[in-house]
Structures are given as structure tokens and as C-alpha cells.
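This is start13.txt (compact mmCIF, C-alpha atoms).
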# COMPACT_ATOMS: atom_id res chain seq x y z
CA MET A 916 57.59 27.14 23.21
CA GLU A 917 60.13 27.27 26.03
CA VAL A 918 58.93 30.68 27.15
CA GLU A 919 55.41 29.39 27.25
CA GLU A 920 56.41 26.50 29.49
CA GLU A 921 58.40 28.83 31.68
CA ILE A 922 55.49 31.13 32.54
CA ALA A 923 52.33 29.07 32.16
CA PRO A 924 50.88 27.74 35.45
CA ARG A 925 52.18 24.24 36.13
CA VAL A 926 49.79 21.52 37.31
CA MET A 927 51.06 20.29 40.66
CA PHE A 928 48.58 17.52 41.50
CA HIS A 929 44.93 16.56 41.10
CA ILE A 930 42.16 16.59 43.68
CA PHE A 931 39.28 14.40 42.45
CA LYS A 932 40.53 14.91 38.87
CA VAL A 933 40.49 18.71 39.28
CA PRO A 934 43.96 19.95 38.34
CA VAL A 935 45.57 22.12 41.02
CA THR A 936 48.11 24.52 39.53
CA ASP A 937 51.07 26.09 41.28
CA THR A 938 49.11 29.35 41.37
CA VAL A 939 46.82 27.81 43.97
CA THR A 940 49.57 26.15 45.99
CA THR A 941 51.65 29.36 46.05
CA THR A 942 48.58 31.27 47.20
CA TRP A 943 48.03 28.74 50.01
CA LEU A 944 51.66 29.08 51.05
CA LEU A 945 51.39 32.86 51.02
CA MET A 946 48.14 32.80 53.01
CA ALA A 947 49.64 30.47 55.61
CA VAL A 948 52.80 32.58 56.00
CA LEU A 949 50.87 35.84 56.25
CA ALA A 950 48.31 34.45 58.69
CA VAL A 951 50.95 32.93 60.98
CA LEU A 952 53.04 36.13 60.87
CA ALA A 953 50.02 38.29 61.62
CA TYR A 954 49.00 36.01 64.50
CA PHE A 955 52.39 36.07 66.19
CA ILE A 956 53.00 39.79 65.67
CA SER A 957 49.60 40.75 67.06
CA ARG A 958 49.93 38.61 70.22
CA ASN A 959 51.48 40.72 72.95
CA LEU A 960 51.00 44.29 71.74
CA LYS A 961 52.60 46.83 74.05
CA GLU A 962 52.46 50.56 74.68
CA ARG A 963 56.18 50.69 73.95
CA PRO A 964 56.31 48.78 70.68
CA SER A 965 58.97 46.21 69.91
CA THR A 966 60.82 46.26 66.57
CA TRP A 967 58.29 44.08 64.77
CA GLN A 968 55.34 45.95 66.14
CA ASN A 969 56.96 49.21 65.06
CA ILE A 970 57.39 48.04 61.47
CA VAL A 971 53.82 46.76 61.24
CA GLU A 972 52.41 49.91 62.86
CA LEU A 973 54.23 52.02 60.30
CA GLY A 974 52.63 50.08 57.45
CA VAL A 975 49.14 50.09 58.95
CA GLU A 976 49.35 53.78 59.74
CA SER A 977 50.46 54.76 56.23
CA ILE A 978 47.62 52.78 54.65
CA TYR A 979 45.19 54.29 57.15
CA ASN A 980 46.38 57.83 56.36
CA LEU A 981 46.04 57.13 52.64
CA ILE A 982 42.43 56.00 53.09
CA ARG A 983 41.61 58.91 55.41
CA SER A 984 42.96 61.46 52.98
CA MET A 985 40.52 60.24 50.31
CA ILE A 986 37.44 59.04 52.20
CA GLY A 987 37.53 61.16 55.35
CA VAL A 988 35.45 59.86 58.24
CA GLY A 989 34.90 56.13 58.58
CA ALA A 990 38.26 55.25 57.09
CA GLU A 991 38.81 52.42 59.57
CA THR A 992 35.91 50.47 57.99
CA PHE A 993 37.96 50.00 54.85
CA LEU A 994 41.33 49.45 56.49
CA PRO A 995 41.08 45.61 56.64
CA LEU A 996 40.00 45.26 53.00
CA VAL A 997 42.48 47.70 51.48
CA GLY A 998 45.32 46.64 53.77
CA THR A 999 44.83 42.96 53.00
CA LEU A 1000 44.72 43.64 49.27
CA ALA A 1001 47.86 45.78 49.41
CA ILE A 1002 49.87 43.31 51.52
CA PHE A 1003 48.73 40.25 49.57
CA ILE A 1004 49.36 41.73 46.12
CA GLY A 1005 52.65 43.29 47.17
CA ILE A 1006 54.11 40.10 48.59
CA ALA A 1007 52.63 37.99 45.79
CA ASN A 1008 54.33 40.20 43.19
CA LEU A 1009 57.64 40.01 45.06
CA LEU A 1010 57.60 36.20 44.73
CA SER A 1011 58.91 36.66 41.17
CA ILE A 1012 62.42 37.05 42.60
CA VAL A 1013 62.19 33.91 44.76
CA PRO A 1014 63.64 30.84 43.03
CA TYR A 1015 61.21 27.97 42.28
CA LEU A 1016 58.21 30.14 43.09
CA SER A 1017 56.26 32.30 40.68
CA PRO A 1018 53.85 35.09 41.57
CA PRO A 1019 50.22 33.94 41.73
CA THR A 1020 49.23 37.25 40.14
CA ARG A 1021 50.83 36.11 36.85
CA ASP A 1022 47.84 33.77 36.37
CA ILE A 1023 44.88 35.87 35.18
CA ASN A 1024 42.51 34.10 37.61
CA THR A 1025 44.09 35.66 40.70
CA PRO A 1026 43.78 39.30 39.57
CA LEU A 1027 40.25 38.56 38.37
CA ALA A 1028 39.30 37.19 41.79
CA LEU A 1029 40.79 40.23 43.54
CA ALA A 1030 39.04 42.63 41.15
CA LEU A 1031 35.73 40.84 41.74
CA ILE A 1032 36.22 41.24 45.51
CA VAL A 1033 36.65 44.97 44.91
CA PHE A 1034 33.60 45.05 42.62
CA PHE A 1035 31.31 43.45 45.21
CA ALA A 1036 32.82 45.41 48.10
CA VAL A 1037 32.13 48.71 46.32
CA HIS A 1038 28.45 47.85 45.84
CA TYR A 1039 28.13 46.40 49.35
CA TYR A 1040 29.58 49.47 51.05
CA GLY A 1041 27.68 51.80 48.72
CA LEU A 1042 24.37 50.13 49.60
CA THR A 1043 25.05 49.95 53.35
CA LYS A 1044 26.33 53.52 53.71
CA GLN A 1045 23.96 55.31 51.37
CA GLY A 1046 21.01 52.95 51.19
CA LEU A 1047 18.86 52.99 48.10
CA LYS A 1048 20.15 56.46 47.29
CA TYR A 1049 23.24 54.67 46.02
CA LEU A 1050 21.28 53.18 43.14
CA LYS A 1051 20.10 56.61 42.09
CA HIS A 1052 23.45 57.55 40.62
CA TYR A 1053 22.93 54.95 37.92
CA VAL A 1054 20.10 56.97 36.45
CA SER A 1055 21.60 60.41 36.97
CA PRO A 1056 21.57 62.85 35.31
CA THR A 1057 19.16 61.05 32.95
CA PRO A 1058 18.09 57.39 32.67
CA ILE A 1059 19.54 57.33 29.13
CA LEU A 1060 23.00 57.06 30.67
CA LEU A 1061 22.18 53.80 32.49
CA PRO A 1062 23.98 51.56 29.93
CA ILE A 1063 27.07 53.75 30.13
CA HIS A 1064 27.15 53.49 33.94
CA ILE A 1065 26.87 49.70 33.69
CA ILE A 1066 29.62 49.52 31.05
CA SER A 1067 31.87 51.64 33.24
CA GLU A 1068 31.32 49.31 36.20
CA ILE A 1069 32.32 46.30 34.08
CA SER A 1070 35.25 48.00 32.40
CA ARG A 1071 36.72 49.20 35.67
CA THR A 1072 36.77 45.63 37.00
CA LEU A 1073 38.26 44.40 33.74
CA SER A 1074 40.93 47.08 33.70
CA LEU A 1075 41.92 46.30 37.31
CA THR A 1076 42.34 42.67 36.28
CA ILE A 1077 44.22 43.24 33.04
CA ARG A 1078 46.50 45.91 34.53
CA LEU A 1079 47.80 43.71 37.33
CA PHE A 1080 47.95 40.59 35.17
CA GLY A 1081 49.62 42.31 32.21
CA ASN A 1082 52.28 44.04 34.26
CA ILE A 1083 53.34 40.94 36.17
CA MET A 1084 52.98 38.64 33.15
CA GLY A 1085 54.98 40.98 30.91
CA GLU A 1086 57.72 41.22 33.50
CA GLU A 1087 57.81 37.43 33.85
CA ILE A 1088 57.98 36.94 30.07
CA ILE A 1089 60.88 39.38 29.75
CA ILE A 1090 62.78 37.69 32.58
CA ALA A 1091 62.09 34.26 31.06
CA ILE A 1092 63.34 35.36 27.63
CA PHE A 1093 66.46 36.89 29.16
CA ALA A 1094 67.05 33.75 31.19
CA ILE A 1095 66.83 31.62 28.05
CA LEU A 1096 69.18 33.88 26.07
CA ALA A 1097 71.73 34.60 28.80
CA PRO A 1098 71.07 32.83 32.10
CA ILE A 1099 73.85 34.50 34.10
CA ILE A 1100 73.78 38.10 35.43
CA ILE A 1101 71.81 39.57 32.49
CA PRO A 1102 68.32 38.93 34.02
CA VAL A 1103 69.36 40.48 37.35
CA PRO A 1104 68.66 44.18 36.48
CA MET A 1105 65.29 43.17 35.07
CA MET A 1106 64.50 41.23 38.28
CA ALA A 1107 65.51 44.25 40.32
CA PHE A 1108 63.14 46.32 38.21
CA SER A 1109 60.40 43.76 38.84
CA ILE A 1110 60.63 44.52 42.59
CA PHE A 1111 59.78 48.14 41.79
CA THR A 1112 56.95 47.20 39.41
CA GLY A 1113 55.49 44.74 41.89
CA ILE A 1114 55.34 47.24 44.75
CA LEU A 1115 54.01 49.95 42.43
CA GLN A 1116 51.24 47.69 41.11
CA ALA A 1117 50.18 46.78 44.65
CA PHE A 1118 50.09 50.51 45.49
CA ILE A 1119 48.07 51.34 42.38
CA PHE A 1120 45.61 48.49 42.97
CA SER A 1121 44.93 49.67 46.52
CA ILE A 1122 44.74 53.35 45.50
CA LEU A 1123 42.18 52.52 42.81
CA THR A 1124 40.23 50.41 45.32
CA ILE A 1125 40.14 53.38 47.69
CA ILE A 1126 39.01 55.70 44.89
CA TYR A 1127 36.18 53.38 43.86
CA LEU A 1128 35.11 52.94 47.50
CA ALA A 1129 35.25 56.70 48.05
CA GLY A 1130 33.08 57.21 45.00
CA ALA A 1131 30.53 54.71 46.29
CA VAL A 1132 30.25 55.79 49.93
CA THR A 1133 30.33 59.56 49.58
CA ALA A 1134 27.44 61.49 48.11
CA GLY A 1135 27.83 63.06 44.70
CA HIS A 1136 29.04 59.85 43.15
CA VAL A 1137 30.92 60.24 39.87
CA MET B 1223 50.89 28.95 0.59
CA ASP B 1224 49.57 26.78 3.36
CA PRO B 1225 46.84 28.85 5.04
CA LYS B 1226 48.09 27.90 8.49
CA ILE B 1227 51.57 29.26 7.78
CA LEU B 1228 50.09 32.43 6.29
CA PHE B 1229 47.91 32.82 9.36
CA LEU B 1230 50.91 32.49 11.66
CA ILE B 1231 52.92 35.02 9.65
CA ILE B 1232 50.07 37.52 9.74
CA SER B 1233 49.59 36.96 13.51
CA VAL B 1234 53.26 37.63 14.22
CA ILE B 1235 53.41 40.72 12.04
CA THR B 1236 50.17 42.07 13.48
CA SER B 1237 51.24 41.60 17.08
CA GLY B 1238 54.66 43.13 16.40
CA PHE B 1239 53.26 46.22 14.75
CA GLY B 1240 50.41 46.34 17.23
CA ILE B 1241 52.69 46.49 20.23
CA ALA B 1242 54.89 49.09 18.52
CA LEU B 1243 51.99 51.39 17.68
CA GLY B 1244 50.21 50.68 20.93
CA VAL B 1245 53.20 51.70 23.02
CA ILE B 1246 54.01 54.95 21.20
CA MET B 1247 50.87 56.82 22.22
CA PRO B 1248 50.81 55.84 25.92
CA ALA B 1249 54.53 56.70 26.09
CA LEU B 1250 53.84 60.19 24.75
CA ALA B 1251 50.91 60.60 27.11
CA GLN B 1252 52.92 59.43 30.13
CA GLY B 1253 55.69 61.86 29.22
CA LYS B 1254 53.20 64.70 29.01
CA ALA B 1255 51.58 63.78 32.34
CA THR B 1256 54.92 63.49 34.12
CA ALA B 1257 56.15 66.78 32.69
CA ALA B 1258 53.01 68.58 33.82
CA ALA B 1259 53.24 67.03 37.29
CA LEU B 1260 56.90 68.04 37.65
CA GLU B 1261 56.05 71.57 36.59
CA SER B 1262 53.34 71.89 39.18
CA ILE B 1263 55.56 70.36 41.89
CA ALA B 1264 58.20 72.97 41.01
CA LYS B 1265 55.57 75.68 41.38
CA GLN B 1266 54.05 74.32 44.60
CA PRO B 1267 56.50 72.01 46.39
CA GLU B 1268 54.23 71.86 49.44
CA SER B 1269 51.54 69.89 47.59
CA SER B 1270 53.95 67.38 46.07
CA GLY B 1271 52.37 64.47 47.98
CA ASP B 1272 48.93 64.99 46.48
CA ILE B 1273 50.33 65.64 43.03
CA SER B 1274 52.50 62.55 42.92
CA ARG B 1275 49.68 60.34 44.19
CA THR B 1276 47.37 61.64 41.48
CA LEU B 1277 50.19 61.27 38.97
CA PHE B 1278 50.62 57.61 39.85
CA VAL B 1279 46.93 56.93 39.42
CA GLY B 1280 46.93 58.74 36.08
CA LEU B 1281 50.00 56.88 34.92
CA ALA B 1282 48.35 53.60 35.87
CA MET B 1283 45.31 54.54 33.81
CA ILE B 1284 47.44 55.46 30.80
CA GLU B 1285 49.62 52.42 31.20
CA SER B 1286 46.67 50.08 31.18
CA LEU B 1287 46.09 51.06 27.52
CA ALA B 1288 49.53 49.72 26.63
CA ILE B 1289 48.81 46.67 28.74
CA TYR B 1290 45.63 46.01 26.74
CA VAL B 1291 47.75 45.94 23.58
CA LEU B 1292 50.17 43.56 25.29
CA ALA B 1293 47.28 41.28 26.28
CA ILE B 1294 45.94 41.23 22.71
CA SER B 1295 49.41 40.52 21.34
CA LEU B 1296 49.88 37.67 23.78
CA ILE B 1297 46.51 36.22 22.80
CA LEU B 1298 47.44 36.48 19.11
CA LEU B 1299 50.78 34.78 19.67
CA PHE B 1300 50.09 32.14 22.30
CA ALA B 1301 46.35 31.51 22.58
CA ASN B 1302 44.77 32.50 19.29
CA PRO B 1303 41.14 31.36 19.42
CA LEU B 1304 40.62 31.67 15.67
CA ILE B 1305 43.28 29.17 14.64
CA ARG B 1306 40.93 26.19 14.95
CA TYR B 1307 38.87 27.47 11.99
CA ILE B 1308 41.84 26.80 9.70
CA GLN B 1309 42.39 23.20 8.73
Representation of the structure as C-alpha cells:
Amino acid sequence: MEVEEEIAPRVMFHIFKVPVTDTVTTTWLLMAVLAVLAYFISRNLKERPSTWQNIVELGVESIYNLIRSMIGVGAETFLPLVGTLAIFIGIANLLSIVPYLSPPTRDINTPLALALIVFFAVHYYGLTKQGLKYLKHYVSPTPILLPIHIISEISRTLSLTIRLFGNIMGEEIIIAIFAILAPIIIPVPMMAFSIFTGILQAFIFSILTIIYLAGAVTAGHV
Amino acid sequence: MDPKILFLIISVITSGFGIALGVIMPALAQGKATAAALESIAKQPESSGDISRTLFVGLAMIESLAIYVLAISLILLFANPLIRYIQ
């Protein structure tokens, strides 16, 4: 029972009788911090970058190169989407090592929302880049395979959700159990491992997003 | 025996065995994938970037199978929807 209380989303307050959990408030906090940081870093950009600008440019450039290596031309269209997903998920997962905060991705609603963004983005970019030709891949090679294409669309969204949620949730459960059994020192290696898992999951989420986008916008869709 | 107690016992045993069995196969598969990737990196060190990126994606795909088992176990243990049919 204790473990359950440790990891379940806590209700912080109510707005018009709608319960607001700490998932939502942590997400607001994260959004505010990221937006303010991005605003101040992107103010006076120079030819000779300062330290902060250098760090951010490194990150942006590596994400851009990743997208370009898989999609080719037009990579900069997807840079905002993929970059935002990567930064948000990465920092959200890292919140598991901050005291009194818990990662919003541990609540299944956050990964589901992110996966739905990817789902709609894939269809949007597929339709805008390829036009109605995009819909043709649903009935290729034969129309009999239409149900299978639809199932694969649903299952890929579901697996994006469950993968992120399960990894972060599992990690949180293990840390909570360790913290109940032996609160001092013992959970620390597991928390250090959760840094690695969090970054890796953000990487995998963005890589899979790029792969799905690449499949939708380039001809010869799988 | 009280059916509720029996139900709880069966849920715990099922989720324990489920996670054990459900982790064995993905572990073997991940070992195989990593071994193959290391072999090909040893053969062609210049393409290690591509190989490790593909390896990570593949590992994520394999790992999600184990995560499905974890999700089912968690549902069985903490949020079993069938328990309300037992009085």
C-alpha cells in the first residue's frame, strides 16, 4: 500500500471540482522553466557564441544531424517537433532524482498525450508532403491488408505510450521499494541508473518519432 | 476458501511467474542483438554510429515486450478490473 501511495499521482488542489494532480503542476513548472530559459538564451544571439549559446547550439545541431541522416532534405521542418519532444521528455524523466518532484511521464496520461501528438503529426506531415498519395499506402499492396495497416498505426502509438510509461514507472517503483526497505544510500545507485534510463528513453522516443515521420513523408512508405 | 483471498493469491502468483517468463525471452533476444551488433562493429568500426543507433531502436522494440508484461503485472497487482465481480 505504501508503494502505491509513493508513486500514484497526488491530487494537489481542485479547479471547479476537477482534481489537479501533481503530474499537471509539475508539467506546468517544467513548461515555465523551459520557456523562460529558451527565451533568455535566444535573446542576443551572436556570431561568436557565448557559453550558453554554445551548449544549446550543440544540442540543436546534434538533433538536426540525427533528423537529416534519416529524412534527408527538409529536416528543418521537423526540428521543432522532435527537439521539443526530446528536451521535454529528457528533462521530465530527470525529475525523478529531484526531491519532492516526480516525473510527469510516470503518469500514463503524459506519455499518451505525447504519443498522440506524434500520431497526428505523422498523418499531418504525410498528407501535406505527399498529398492523397499518402493514403494509398494503406491499400498497398492489396486492399486486404487495410486492417493490418490500421492495427499497426494504433499499436505503434500504444507501444510508444507503454514503453515510456513502463520504463519510468518501473524505475520509480524500484526506487520507492528500496527507499522503504533501506532509505539511506541503498537507493542511490538505482537513482543514478534512472538518469541513464531517462536520457535513453528520451532518445528512443525521438528516434522512433523521426522514423515514423520519415516513413510518412518519403515515398515507398513501409 | 474465501474467493477473494483465492483471487488475490492467484493474481500474485500469476504476476510473479508472468514477469519471470516475460523477461527471459526479451533478455535472450537483447543479448543476441547486442552480440550481433558488437560483431559487426568489430568488422566495420567506421559504421559504428549507424549500427549503434539501429541497435538502440531494436533494443527499445524488444524491451517494450518486457514492458508490456510489467504493465499487465502492475494491472493485476494494483488495479485489477475483475475484482469487483467477486463479492
Practice task
With a cut-off of 10 Å and counting only C-alpha atoms, select all residues of chain B in contact with chain A and give the selection as number ranges by chain.
Solution key: B: 1272, 1275-1276, 1278-1283, 1285-1293, 1296, 1300
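The two atoms in question, CA of Tyr979 (chain A) and CA of Gly998 (chain A), are spaced 8.4 Å apart.
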Practice task
Find the distance between CA of Thr1072 (chain A) and CA of Leu1027 (chain A) and write it in Å to one decimal.
Solution key: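 If I compute the distance from CA of Thr1072 (chain A) to CA of Leu1027 (chain A), I get 8.0 Å.
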Exercise for the section: Excluding region 1233-1240 of chain B and any residue of its chain fewer than 5 positions from it, enumerate the residues within 7 Å of it, using only C-alpha atoms, and give them as a PyMOL selection string. Expected result: chain B and resi 1291+1295+1298-1299
Exercise for the section: For Ser1109 (chain A), work out the shell of residues within 9 Å, counting only C-alpha atoms and skipping chain neighbours fewer than 4 positions away, then give it as a list of chain:residue names. Expected result: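 Listed by chain and then number, they are A:Asn1008, A:Leu1009, A:Ser1011, A:Ile1012, A:Ile1083, A:Glu1086, A:Glu1087, A:Pro1104, A:Met1105, A:Gly1113, A:Ile1114.
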Exercise for the section: Take the point (25.7, 54.9, 47.4) in the file's coordinates, draw a sphere of radius 10 Å around it, and report as a list in words every protein, DNA or RNA residue with an atom inside or on it, counting all atoms listed in the file. Expected result: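 Residues satisfying the cut-off, written out: Val1037, His1038, Tyr1039, Tyr1040, Gly1041, Leu1042, Thr1043, Lys1044, Gln1045, Gly1046, Leu1047, Lys1048, Tyr1049, Leu1050, Lys1051, His1052, Tyr1053, Leu1128, Ala1129, Gly1130, Ala1131, Val1132, Thr1133, Ala1134, Gly1135 and His1136 of chain A.
Straight-line separation from CA of Pro924 (chain A) to CA of Asp1022 (chain A): 6.8 Å.
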Which neighbours of Arg925 (chain A) fall inside 8 Å, counting only C-alpha atoms, when residues of the same chain fewer than 4 positions from it are skipped, and could you give them as a JSON list (two decimals) with C-alpha atoms, in the coordinates of the input?
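File produced: around-v9.json:
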[["chain", "number", "residue", "atom", "x", "y", "z"],
["A", 936, "THR", "CA", 48.11, 24.52, 39.53],
["A", 937, "ASP", "CA", 51.07, 26.09, 41.28],
["A", 938, "THR", "CA", 49.11, 29.35, 41.37]]
Handout entry: Surrounding residues of region 993-995 of chain A excluding itself and chain neighbours under 3 positions, 12 Å, only C-alpha atoms, as a count of residues only
Key = 35
Exercise for the section: Counting only C-alpha atoms, figure out which residue out of B:Gly1271, B:Gln1252, B:Ala1258, B:Ala1301 gets nearest to Ile1284 (chain B). Expected result: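 Closest candidate: B:Gln1252.
Considering the residues A:Ile1101, A:Ile1059, A:Leu1010, A:Leu1073 and counting only C-alpha atoms, Phe1034 (chain A) has its shortest atom-to-atom contact with A:Leu1073.
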Handout entry: Sphere at (48.0, 24.2, 38.6), radius 12 Å, counting all atoms listed in the file: residues as a list in words
Key =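 It turns out the residues near that spot are Ile922, Ala923, Pro924, Arg925, Val926, Met927, Phe928, His929, Ile930, Lys932, Val933, Pro934, Val935, Thr936, Asp937, Thr938, Val939, Thr940, Thr941, Thr942, Ser1017, Pro1019, Asp1022 and Asn1024 of chain A.
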